[in-house]
Number of protein chains: 2
Amino acid sequence: MHFTSEQRLDDGIVERSFTLGEIPGILWTPEPAPGPMPLILLGHPPLGLHKMYPRLLDRARQAAADGFAAATVELPGSGDRPALAGVEQARADLRRAMQAGGPVGGDVVDALVLPLVELAVPEWQAALDALLALPGIGGPVGYSGGVISIGIRLARVEPRLSAAVLFAGSLVPATMFEEARQLTIPLHVLLQWDDEGNDRQAALELFDAFGSEEKTLQANMGGHAGVPRFAGDAAAQFFTRHLR
Amino acid sequence: MHFTSEQRLDDGIVERSFTLGEIPGILWTPEPAPGPMPLILLGHPPLGLHKMYPRLLDRARQAAADGFAAATVELPGSGDRPALAGVEQARADLRRAMQAGGPVGGDVVDALVLPLVELAVPEWQAALDALLALPGIGGPVGYSGGVISIGIRLARVEPRLSAAVLFAGSLVPATMFEEARQLTIPLHVLLQWDDEGNDRQAALELFDAFGSEEKTLQANMGGHAGVPRFAGDAAAQFFTRHLR
């Protein structure tokens, strides 16, 4: 892990850009550090860190206000990272299926999501290795948001993860329902009730499938990008309950 | 409204029992009063105030901690109030239908719930008249919990109600779905995902029907009486957002 820049934001948060091998990332920490800090990994959709930066910063500010460090890394195929050939093809297939108004085939979903999950999850784990080795960051660790299949896989394979906030999305490979059943950590799942790109029934079935003894579904009105402010507050309180 | 007893609880809350005509009720206020207080009406299932007292007191303590007064009245046919003949018959029919494992007919649900709604809602409105006339209680007014059909009707007909927390239950007359569509106040709806006495799909359809622009569904694991502590906290924050 190599830090490439550091700046102090107006509210005292220190933002450090880093690279982990070829992968860019950002770490936010409240200053002064309140002792060994829990860490929240900020997941995001595959639109590139630059585009997602304002929303990631909002979430990092909330984490810092609660005494947590927050960090994110670029997803494979996003931002300045090399495109994933197979995924580009699957994206084109997805666009075609959606423009035709027809259902999106399971093979298209698998081709779009599974390679991303396979590549991204080990990278998040490598980032976790490096982040937990930094002075001041002590865990426990939460994961929040982004591609729900990445969150499911990470929660299944990564024992250092203590709690996760997931955003319901319907492009979920069928095999992910089986992985969802194996989860045991506390989950807080956000669903936008009128999400234009989201099959509500599929999202409810996925929530039902999660094996965790503590899981909460919070559904709010509005479309994909319309998550209300108070839903962010509820997610923050979930982390405060589980990472302290 | 006639006060029949007053006691100061250990945390400084004043609990006053009252009668409103023949109807017993309880008012809790934080002392010292923090200026004109918002009021939360504490709904409850028709099991009698005496039986519900510990859970009502918990909710009243939360309200007082947030600077709100809280009040409740006995439901028609509950506690020491005269039984409702038609409802008793409907309850027997319900038990028979449930023991037979068959679906509960709409006529049984209507006979069980509609008379209770018709009688209870004007009583809650009369209680509201009396409570808002007391010094120190200024509104706005929230309603929380209990028989969901009473909450729906009260939210539909009572313009002084600013926000409501509703507990999903499935014994909902079909006409209530139409009333639900007419609601406009912010709603926070709690659903116990594995509620043995609750049809989850019906609860989701009722949530979908609510006309309010701001409505949140919070679903948690567990049976009917297993609402987790943090769900109460989220409901309290909903009221703090809307009654301040």
# chains A, B, ... in the order shown; residues from 1 in each chain; ligands from 1
>>> closest_atom_pairs(of="chain B", to="chain A", cutoff="10 Å", atoms="only C-alpha atoms", output="tab-separated table")
residue	atom	partner	partner_atom	distance
B:His188	CA	A:Asn220	CA	9.5
B:Val189	CA	A:Ala219	CA	9.6
B:Leu190	CA	A:Gln218	CA	9.5
B:Leu191	CA	A:Leu217	CA	9.3
B:Gln192	CA	A:Thr216	CA	9.7
B:Trp193	CA	A:Asp208	CA	8.4
B:Asp194	CA	A:Asp208	CA	9.9
B:Leu204	CA	A:Leu204	CA	9.8
B:Phe207	CA	A:Ala219	CA	9.9
B:Asp208	CA	A:Trp193	CA	8.4
B:Ser212	CA	A:Met221	CA	9.2
B:Glu213	CA	A:Met221	CA	7.1
B:Glu214	CA	A:Met221	CA	6.4
B:Lys215	CA	A:Asn220	CA	6.2
B:Thr216	CA	A:Asn220	CA	4.7
B:Leu217	CA	A:Ala219	CA	4.9
B:Gln218	CA	A:Gln218	CA	4.6
B:Ala219	CA	A:Leu217	CA	4.9
B:Asn220	CA	A:Thr216	CA	4.7
B:Met221	CA	A:Lys215	CA	6.3
B:Gly222	CA	A:Glu213	CA	8.8
B:Pro228	CA	A:Glu214	CA	9.4
B:Phe230	CA	A:Phe238	CA	8.6
B:Ala231	CA	A:Thr216	CA	9.1
B:Asp233	CA	A:Ala234	CA	9.8
B:Ala234	CA	A:Ala234	CA	7.3
B:Gln237	CA	A:Phe230	CA	9.1
B:Phe238	CA	A:Phe230	CA	8.7
B:Arg241	CA	A:Phe230	CA	8.9
>>> write_last_selection(atoms="C-alpha atoms", output="compact mmCIF listing (two decimals), in the first residue's frame")
# COMPACT_ATOMS: atom_id res chain seq x y z
CA HIS B 188 -42.99 4.26 9.52
CA VAL B 189 -44.24 0.68 9.24
CA LEU B 190 -42.79 -2.16 11.31
CA LEU B 191 -43.05 -5.72 10.04
CA GLN B 192 -41.94 -8.82 11.90
CA TRP B 193 -40.70 -11.01 9.04
CA ASP B 194 -41.64 -14.33 10.70
CA LEU B 204 -46.20 -5.91 1.90
CA PHE B 207 -47.37 -1.06 2.64
CA ASP B 208 -47.40 -0.68 -1.13
CA SER B 212 -48.01 8.76 1.68
CA GLU B 213 -45.06 10.24 -0.16
CA GLU B 214 -42.78 9.40 2.76
CA LYS B 215 -43.23 5.86 3.99
CA THR B 216 -40.63 3.49 5.34
CA LEU B 217 -40.97 -0.23 5.89
CA GLN B 218 -38.67 -1.69 8.50
CA ALA B 219 -38.75 -5.47 8.57
CA ASN B 220 -36.95 -7.37 11.30
CA MET B 221 -36.47 -11.00 12.12
CA GLY B 222 -38.58 -12.76 14.70
CA PRO B 228 -35.94 -5.77 18.53
CA PHE B 230 -33.26 -1.05 17.85
CA ALA B 231 -36.58 -1.04 15.95
CA ASP B 233 -35.12 3.37 18.53
CA ALA B 234 -35.76 3.81 14.79
CA GLN B 237 -36.14 8.80 15.60
CA PHE B 238 -38.97 8.89 13.06
CA ARG B 241 -37.88 13.93 12.76
>>> residues_around(residues="range 158-163 of chain B", least_positions_apart="3", cutoff="10 Å", atoms="only C-alpha atoms", output="ChimeraX atom specification")
/B:39-41,121-122,124-125,128-129,139-144,153-155,166,184-188,214-215,238-239,241-243
>>> closest_residue(among="A:Ile13, A:Leu47, A:Ala127, A:Val227", to="Ala168 in chain A", atoms="only C-alpha atoms")
A:Val227
>>> atom_distance(atom1="CA of Pro45 in chain B", atom2="CA of Arg8 in chain B")
26.2 Å
>>> select_by_dssp(residues="range 14-146 of chain B", states="strand (DSSP E)", output="MDAnalysis selection string")
chainID B and resid 14:20 23:30 37:42 69:73 137:144
>>> write_last_selection(atoms="C-alpha atoms", output="PDB file, in the first residue's frame")
ATOM      1  CA  VAL B  14     -45.268  11.974  35.786  1.00  0.00           C
ATOM      2  CA  GLU B  15     -47.889   9.294  35.126  1.00  0.00           C
ATOM      3  CA  ARG B  16     -51.501  10.344  35.434  1.00  0.00           C
ATOM      4  CA  SER B  17     -54.470   8.019  35.126  1.00  0.00           C
ATOM      5  CA  PHE B  18     -57.657   9.587  33.850  1.00  0.00           C
ATOM      6  CA  THR B  19     -61.148   8.802  32.713  1.00  0.00           C
ATOM      7  CA  LEU B  20     -62.757  10.338  29.701  1.00  0.00           C
ATOM      8  CA  ILE B  23     -63.015   5.356  29.154  1.00  0.00           C
ATOM      9  CA  PRO B  24     -59.882   4.880  31.246  1.00  0.00           C
ATOM     10  CA  GLY B  25     -56.589   6.266  30.017  1.00  0.00           C
ATOM     11  CA  ILE B  26     -53.045   7.161  31.035  1.00  0.00           C
ATOM     12  CA  LEU B  27     -50.962  10.251  30.345  1.00  0.00           C
ATOM     13  CA  TRP B  28     -47.177  10.366  30.766  1.00  0.00           C
ATOM     14  CA  THR B  29     -45.252  13.629  30.709  1.00  0.00           C
ATOM     15  CA  PRO B  30     -41.581  14.373  31.261  1.00  0.00           C
ATOM     16  CA  MET B  37     -44.822  19.292  24.106  1.00  0.00           C
ATOM     17  CA  PRO B  38     -45.610  17.203  21.056  1.00  0.00           C
ATOM     18  CA  LEU B  39     -47.873  14.263  21.911  1.00  0.00           C
ATOM     19  CA  ILE B  40     -47.691  10.615  20.897  1.00  0.00           C
ATOM     20  CA  LEU B  41     -50.868   8.561  21.111  1.00  0.00           C
ATOM     21  CA  LEU B  42     -49.879   5.020  22.085  1.00  0.00           C
ATOM     22  CA  ALA B  69     -45.922  13.546  26.141  1.00  0.00           C
ATOM     23  CA  ALA B  70     -47.522  10.143  25.560  1.00  0.00           C
ATOM     24  CA  ALA B  71     -51.070   9.013  26.203  1.00  0.00           C
ATOM     25  CA  THR B  72     -53.285   6.011  25.702  1.00  0.00           C
ATOM     26  CA  VAL B  73     -56.921   5.050  26.228  1.00  0.00           C
ATOM     27  CA  ILE B 137     -49.268  19.850  25.549  1.00  0.00           C
ATOM     28  CA  GLY B 138     -49.048  21.701  22.284  1.00  0.00           C
ATOM     29  CA  GLY B 139     -48.711  19.169  19.486  1.00  0.00           C
ATOM     30  CA  PRO B 140     -47.841  18.158  16.838  1.00  0.00           C
ATOM     31  CA  VAL B 141     -49.378  14.729  17.337  1.00  0.00           C
ATOM     32  CA  GLY B 142     -48.134  11.267  16.374  1.00  0.00           C
ATOM     33  CA  TYR B 143     -49.885   7.910  16.608  1.00  0.00           C
ATOM     34  CA  SER B 144     -47.998   4.719  17.249  1.00  0.00           C
TER      35      SER B 144
END
>>> decode(residues="range 2-65 of chain A", atoms="C-alpha atoms", output="short mmCIF file (atom, residue, chain, number, x, y, z; two decimals), in the first residue's frame")
data_model
loop_
_atom_site.label_atom_id
_atom_site.label_comp_id
_atom_site.auth_asym_id
_atom_site.auth_seq_id
_atom_site.Cartn_x
_atom_site.Cartn_y
_atom_site.Cartn_z
CA HIS A 2 1.50 3.24 -1.19
CA PHE A 3 0.05 6.62 -0.20
CA THR A 4 0.04 9.07 -3.10
CA SER A 5 -1.56 12.14 -1.54
CA GLU A 6 -2.88 13.41 1.75
CA GLN A 7 -5.18 16.32 2.54
CA ARG A 8 -6.99 17.54 5.61
CA LEU A 9 -10.66 18.32 4.86
CA ASP A 10 -12.43 21.26 6.49
CA ASP A 11 -14.00 19.14 9.22
CA GLY A 12 -10.68 17.67 10.33
CA ILE A 13 -10.97 14.43 8.38
CA VAL A 14 -7.75 13.29 6.75
CA GLU A 15 -8.22 11.93 3.22
CA ARG A 16 -5.38 9.84 1.82
CA SER A 17 -5.26 8.44 -1.70
CA PHE A 18 -3.31 5.23 -2.11
CA THR A 19 -2.48 2.52 -4.58
CA LEU A 20 -2.45 -1.14 -3.74
CA GLY A 21 -0.44 -2.59 -6.61
CA GLU A 22 -2.35 -1.26 -9.63
CA ILE A 23 -5.52 -0.51 -7.68
CA PRO A 24 -6.31 3.06 -6.59
CA GLY A 25 -8.10 3.63 -3.31
CA ILE A 26 -8.96 6.26 -0.71
CA LEU A 27 -8.76 6.18 3.08
CA TRP A 28 -10.56 8.65 5.34
CA THR A 29 -9.80 8.93 9.04
CA PRO A 30 -11.10 11.30 11.69
CA GLU A 31 -8.37 13.38 13.36
CA PRO A 32 -7.39 13.19 16.09
CA ALA A 33 -7.87 9.40 16.01
CA PRO A 34 -10.12 8.25 18.87
CA GLY A 35 -7.93 5.20 19.70
CA PRO A 36 -7.90 2.06 17.53
CA MET A 37 -10.64 2.64 15.01
CA PRO A 38 -13.23 0.31 13.51
CA LEU A 39 -13.15 0.38 9.71
CA ILE A 40 -15.97 0.58 7.17
CA LEU A 41 -15.23 -0.59 3.63
CA LEU A 42 -17.26 1.60 1.28
CA GLY A 43 -18.55 -0.46 -1.62
CA HIS A 44 -19.90 1.28 -4.73
CA PRO A 45 -21.36 0.52 -8.15
CA PRO A 46 -18.88 0.01 -11.03
CA LEU A 47 -18.99 3.63 -12.22
CA GLY A 48 -15.49 4.63 -11.17
CA LEU A 49 -14.22 6.25 -7.98
CA HIS A 50 -14.08 9.68 -9.58
CA LYS A 51 -17.79 9.68 -10.43
CA MET A 52 -18.72 8.15 -7.08
CA TYR A 53 -16.47 10.46 -5.03
CA PRO A 54 -19.10 12.92 -3.72
CA ARG A 55 -21.35 10.14 -2.41
CA LEU A 56 -18.41 8.18 -1.00
CA LEU A 57 -17.19 11.30 0.79
CA ASP A 58 -20.63 11.80 2.35
CA ARG A 59 -20.53 8.26 3.71
CA ALA A 60 -16.93 8.69 4.88
CA ARG A 61 -17.88 11.88 6.74
CA GLN A 62 -20.67 10.01 8.51
CA ALA A 63 -18.25 7.20 9.41
CA ALA A 64 -15.69 9.69 10.72
CA ALA A 65 -18.36 11.46 12.79
#
